Amino acid sequence: MPELAKTPAPGSSGNPGNRAENYLAPETLAQLAPFELRAKMIVEGVMSGMHRSPYQGMAVEFAQHRQYVAGDDLKHLDWKVYGRSDKLYIKQYQQETNLDVIMLIDASASMSYGTLGVKKGWGGTSASKRKNAWTKFDHATAVAVAVAYLCLQQQDRVGVAVFADEIRAMVKRSSSRGQWKSIVNTLNVQPVDAKTNLAKVTDQALGKVHNRALFVIISDFFEDIEAVRQSLARFRHRRHDVILLQVLDRQELQFEFTQPAPFEGMEDEGRLKIDPRALRRAYLEAISSHMDAIAKAALSFGFDYLRLNTHESVGPALSYLLARRNAQVKRSKIG
Amino acid sequence: MTFITAGLAIAGLAAVAIPILIHLLARQRRKPIEWAAMRFLMEAFRRHKRRIQLEQVILLAVRCLILLLLGFALARPILEGVGLIKPGGSRSIFLVIDDGMASSLEGPDGKTALQRHVEQATELVTNLAPGDAVGIITAARPAKALLAPPSSDRAAVVDILQSLESKQSPTDLPGAVAYVRGVVDDSAEAGRSAHIYLFSDFRAGSAALDAPLPSTQPKETAEATMVASPPAVESVSNVQIVSIEPVRTMVLPGVSDGSGQVTVRLKRTGGQLPAEITTVKLVGEGLGAIAPQVVQWQPGQAEADVEFMLHFANFSQNQVGLTASIDNDALPADNQRFTMLDLRNQIRVLLVDRRSFGFERSLDRLTAGQWIRRALEPLESSPIQIVEAEPAALDLADVRTADVVIAPRADLLDDSGWTILRQFVDQGGLLIVMPPGEGNVHQWTERMATHLSLPWRPVLEVVDHAGGLTLAQEQPGAEIMRLISSDLNDLARPIVVQRTLPLASDSDTGDSVILLADGSPMLVVGSPQRPTGPSGEQNAEPQASAPAARGLVAYLTVAPELEWTNLPTQPLMVPLFHELIRQGLSVISASQRLTVGDQPNLGAGPAARDLSGPDSAKIALDQAGRLQQPLGRAGVYELLDQSGQPLRKLAVNVDPAAGSSDLQSPAAVVSWLERSGPWSTFDPRRIAESLGGQQMGSPIAGILLIIVLALVILETLLARWFSHADRRLDAADLHLEFGSSRKARLAVLQAHAISPRTNPDAGARVST
């Protein structure tokens with residue numbers, strides 16, 4: 001991830017922590033450029049865009065044939081098929097619409113953990129400034145602004161909600177030019193100090209979105225797996241698409257402490273005096289099991305799941321995600 | 001189980017606390033780590049809590065055990081009474097060290113005899129086998145065990161040896177050997193062979209060869225070898241003050257009778273006696289500066305007397321302490337000597353006689369009491385004050401202030417009167433008894449014998465000497481008559497005795513002062529041999545070790561009346577009674593010579609409670625007046641009453657014989673030793689080899705070290721195992737790291753149209 005902020009955009013000035021360019025290193029943009037963010041599912045759109053619309057009619061992209069029935073408009077009759085087979089078929093087209101992307105970014109206290117040292121010139125949030133480390137929340141915001149930038153590039157509407165025990169801040173969906181900077185400014189000032197309550201946040205988010213949309217949930221998902229599953233079920237029930245981006249620190253994935261020490265939970269879980277070497281295997285098994293459960297839950301609802309390491313760049317991971325989604329869309333078209 | 005060096009065992013025990021402390025301190029000092037994924041850590045902890053705690057306890061126990069056993073191993077333990085493992089050594093070494101006064105004699109090498117003995121003993125101890133035990137007995141009177149039963153703690157033994165100092169008391173080798181014998185018997189019962197090492201120079205001051213050693217043969221079951229250091233062969237000259245002898249120890253300051261003369265007697269020992277000069281100093285409280293005297297020793301001269309003349313005018317105190325000293329030499333302890341002089345303005349004489357009420361008979365009818373009064377008060381200014389008391393009504397108040405009691409009518413004394421007189425004598429009084437002039441049968445002598453317990457006893461019936469009996473031409477020269485001894489024969493010549501009440505034939509007449517021509521005593525002195533009981537009655541059973549009373553009883557076998565003898569009218573009468581009183585009191589005073597190392601009965605009466613030494617250390621007296629511990633050093637002591645007020649002063653001196661540096665023939669010494677057992681001598685330069693070089697290591701220590709080594713290896717393995725370093729889990733094994741899937745990596749690379757071979761850096765990690 002360091003390279004994200006190493007090379008600010010040309011012409012940038014002022015406080016680097018508050019500048020949107022700090023979150024978009026050229027490498028990240030370069031790796032994202034060949035892809036387009038497409039909703040795997042058909043979404044509603046009110047603007048002309050690159051995504052398939054469930055409303056078929058006068059759109060330019062052919063969708064399918066169906067047999068003519070009385071009352072159909074004859075201008076949609078496919079004369080070529082009639083000439084070859086003497087059968088009346090109506091051509092149906094699919095309208096391309098805009099995509100609504102809503103990013104839910106976890107700002108609970110556990111997201112303020114990080115072990116990667118912050119270097120001069122890096123951007124960052126209030127969490128990284130307080131702890132002088134690249135936290136999971138920093139990484140989440142970096143991913144969020146990258147996705148937002150990409151979406152805005154293809155005229156999609158993007159909104160952001162920062163949550164912990166509830167939605168703490170929100171940037172309404174928009175595809176305007178200033179939207180991206182609004183998102184960046186909002187993320188920069190969010191406190192990262194409360195407990196997580198994903199169920200409540202899900203309720204609040206779904207209450208605000210009435211059309212189908214793509215939700216990108218960026219969190220460490222240190223929640224009960226049942227709570228996560230129930231939240232995903234509710235998204236699925238409302239026919240939304242969800243991408244789960246699980247952000248973890250390398251130390252959380254490797255647990256390479258060597259000296260006995262007291263460990264204190266960041267969300268008031270209490271204190272534990274342990275020899276970390278003695279517990280490493282059991283810990284890794286526990287967190288591995290949890291991550292597998294998250295991934296399986298996402299797959300069971302047909303959602304995408306991606307794990308991100310705060311010590312690594314955003315670009316390759318997102319590139320992989322976009323590539324995978326494009327491939328899925330193409331397969332569905334062919335099918 | 002015991003340890004040769006118990007200190008290391010204790011250190012090992014204490015070291016067990018180290019890992020515990022480290023564990024506790026380490027727990028306390030760690031700074032908490034903030035951790036986001038706490039739920040997974042707590043879940044892991046819940047699942048493995050018991051296992052982790054068990055691992056920690058096992059590891060801590062192993063570490064504590066290592067330190068404990070290491071300490072025990074280094075302390076070289078000895079298992080006794082456990083049949084499985086025999087101790088490395090099974091000998092008891094008894095070191096008998098001569099630390100008496102002679103041991104402070106400095107040899108030509110500048111070391112005292114004791115220092116040499118300690119060095120030899122230390123070398124012996126440091127070369128003993130680990131299982132050997134060592135006991136230490138010191139031979140200075142009273143002999144005592146500094147370390148018994150024997151100890152295997154080598155360091156403690158050496159510490160005790162290094163702390164030894166020469167005492168001022170005489171060496172008591174017989175006492176020490178007798179003491180060792182008892183300890184050796186105890187050792188034999190414990191199944192250990194005994195080895196006795198006797199360290200002494202065997203000079204005349206240390207070993208009196210005329211006093212036999214007790215048998216050192218232990219019980220039949222015991223095995224004992226006895227080795228002594230070789231007798232000293234280097235001549236070392238030692239000048240000592242043998243005595244301070246005032247003419248009278250009771251001085252009447254106003255009387256010019258030559259009693260200010262003091263003789264300091266010196267003696268040289270050590271074999272070769274070269275010509276040398278010794279300066280003698282005499283110091284007395286309130287006597288001002290006394291000019292030192294110089295003794296010019298001639299080669300071979302062994303003894304010398306130095307006279308000092310003191311003037312006792314205008315003295316207010318009752319006692320004067322005299323200190324004589326000479327130049328420092330090879331043996332400092334006997335270069336100083338102390339004595340006390342009693343100062344009196346008057347001598348109070350209690351005449352226990354029937355009162356005459358001023359009635360004076362003719363000269364040939366005068367009673368003994370009247371003759372004695374005339375003899376003691378020849379002048380108005382006599383320093384002797386006579387007080388009379390009725391024999392039948394004698395009470396304690398009468399005798400309390402008296403120095404001398406004269407009983408010419410002993411027949412009138414009842415039992416209570418004799419009891420009072422006995423107490424008077426016990427507390428240092430002089431009692432002069434003589435037969436009454438009346439009667440032929442004297443049953444009072446039985447009461448006297450019963451109450452006074454003297455070594456002699458008058459008979460019941462008077463013996464008439466028809467034609468008279470003269471005194472012996474040669475008088476024995478008793479101490480009491482010392483000042484008139486030169487004239488005594490002439491004075492005794494005109495004395496004729498017609499009647500006597502002699503002593504019984506079984507009496508001990510060794511202390512006769514004046515003898516009759518038939519060899520029987522006319523005047524004899526003696527001290528009671530048994531103390532009175534608490535109620536004033538004599539003890540029913542004689543106690544052989546009971547000290548004699550401080551006082552003296554003089555018995556005149558002749559009543560000083562003209563029917564018995566012409567003594568009252570002869571010139572001898574006055575000096576006889578004056579000297580009997582004056583010198584008798586001096587002898588009593590001089591008999592209180594206290595010697596370092598003794599534990600005497602001071603006979604000081606019930607008022608005395610403590611004896612305060614020159615170093616202000618107090619020695620308590622028991623109810624009988626006996627010191628509760630031996631006198632430790634020479635000097636002037638103070639007898640204190642119950643309120644801590646001084647009653648009187650006492651001079652305590654070293655025994656001059658104990659400081660003799662005279663060499664003794666090695667053959668004579670060996671012969672003397674061999675009479676008590678199979679003694680042999682060791683070579684001081686090869687003392688370490690004298691035990692036969694049994695240098696066995698303690699097998700327990702070796703076994704413990706092996707166990708410690710095994711535990712160290714076990715600890716290493718356990719620590720590694722419990723730290724899980726050997727089972728280090730790669731996070732990739734659990735698919736926790738990004739890019740662990742090659743398929744995912746390839747998908748990204750294909751999307752970028754990049755070959756992994758040409759741009760391996762592009763293979764960034766992505767998740768599956």
# chains A, B, ... in the order shown; residues from 1 in each chain; ligands from 1

$ residues_around --residues "B:Arg482" --least-positions-apart "2" --cutoff "12 Å" --atoms "only C-alpha atoms" --output "PyMOL selection string"
chain B and resi 247-248+475-480+484-488+513-514+575-576+579-580+582-584+586-587

$ select_by_dssp --residues "stretch 399-630 of chain B" --states "helix (DSSP H, G or I)" --output "PyMOL selection string"
chain B and resi 399-400+410-412+415-426+444-452+479-492+567-569+573-590

$ closest_atom_pairs --of "chain A" --to "chain B" --cutoff "6 Å" --atoms "only C-alpha atoms" --output "CSV"
residue,atom,partner,partner_atom,distance
A:Ser110,CA,B:Ala36,CA,4.6
A:Leu253,CA,B:Leu736,CA,6.0
A:Gln254,CA,B:Ala731,CA,5.6
A:Ala261,CA,B:Arg30,CA,5.5
A:Pro262,CA,B:Pro32,CA,4.8
A:Phe263,CA,B:Ile33,CA,4.8
A:Glu264,CA,B:Glu34,CA,4.9
A:Gly265,CA,B:Trp35,CA,5.1
A:Met266,CA,B:Ala36,CA,5.4
A:Arg277,CA,B:Ser723,CA,5.4
A:Ala278,CA,B:Ser723,CA,5.4
A:Ala282,CA,B:Ala44,CA,5.1
A:Tyr283,CA,B:Ala44,CA,5.2
A:Ala286,CA,B:Phe40,CA,5.6
A:Ile287,CA,B:Phe40,CA,5.9
A:Arg307,CA,B:Ser767,CA,5.7
A:Pro316,CA,B:Ala764,CA,5.9
A:Ala317,CA,B:Val766,CA,4.9
A:Tyr320,CA,B:Val748,CA,5.0

$ closest_residue --among "A:Asp220, A:Asp73, A:Glu166, A:Asp275" --to "A:Tyr89" --atoms "only C-alpha atoms"
A:Asp73

$ atom_distance --atom1 "atom CA of B:Asn601" --atom2 "atom CA of B:Ala204"
28.0 Å

$ closest_residue --among "A:Gln204, A:Asn132, A:Asn188, A:Ser219" --to "A:Ile167" --atoms "only C-alpha atoms"
A:Gln204

$ residues_around --residues "A:Leu306" --least-positions-apart "2" --cutoff "8 Å" --atoms "only C-alpha atoms" --output "VMD selection string"
(chain A and resid 243 to 246 304 308 317 321) or (chain B and resid 767 to 768)

$ residues_around --residues "stretch 491-498 of chain B" --least-positions-apart "5" --cutoff "9 Å" --atoms "only C-alpha atoms" --output "NGL selection string"
:B and (463-473 or 475 or 514 or 516 or 558 or 563-567 or 570-572)

$ residues_around --residues "B:Gly110" --least-positions-apart "5" --cutoff "12 Å" --atoms "only C-alpha atoms" --output "PyMOL selection string"
chain B and resi 104-105+115-116+236+329-331
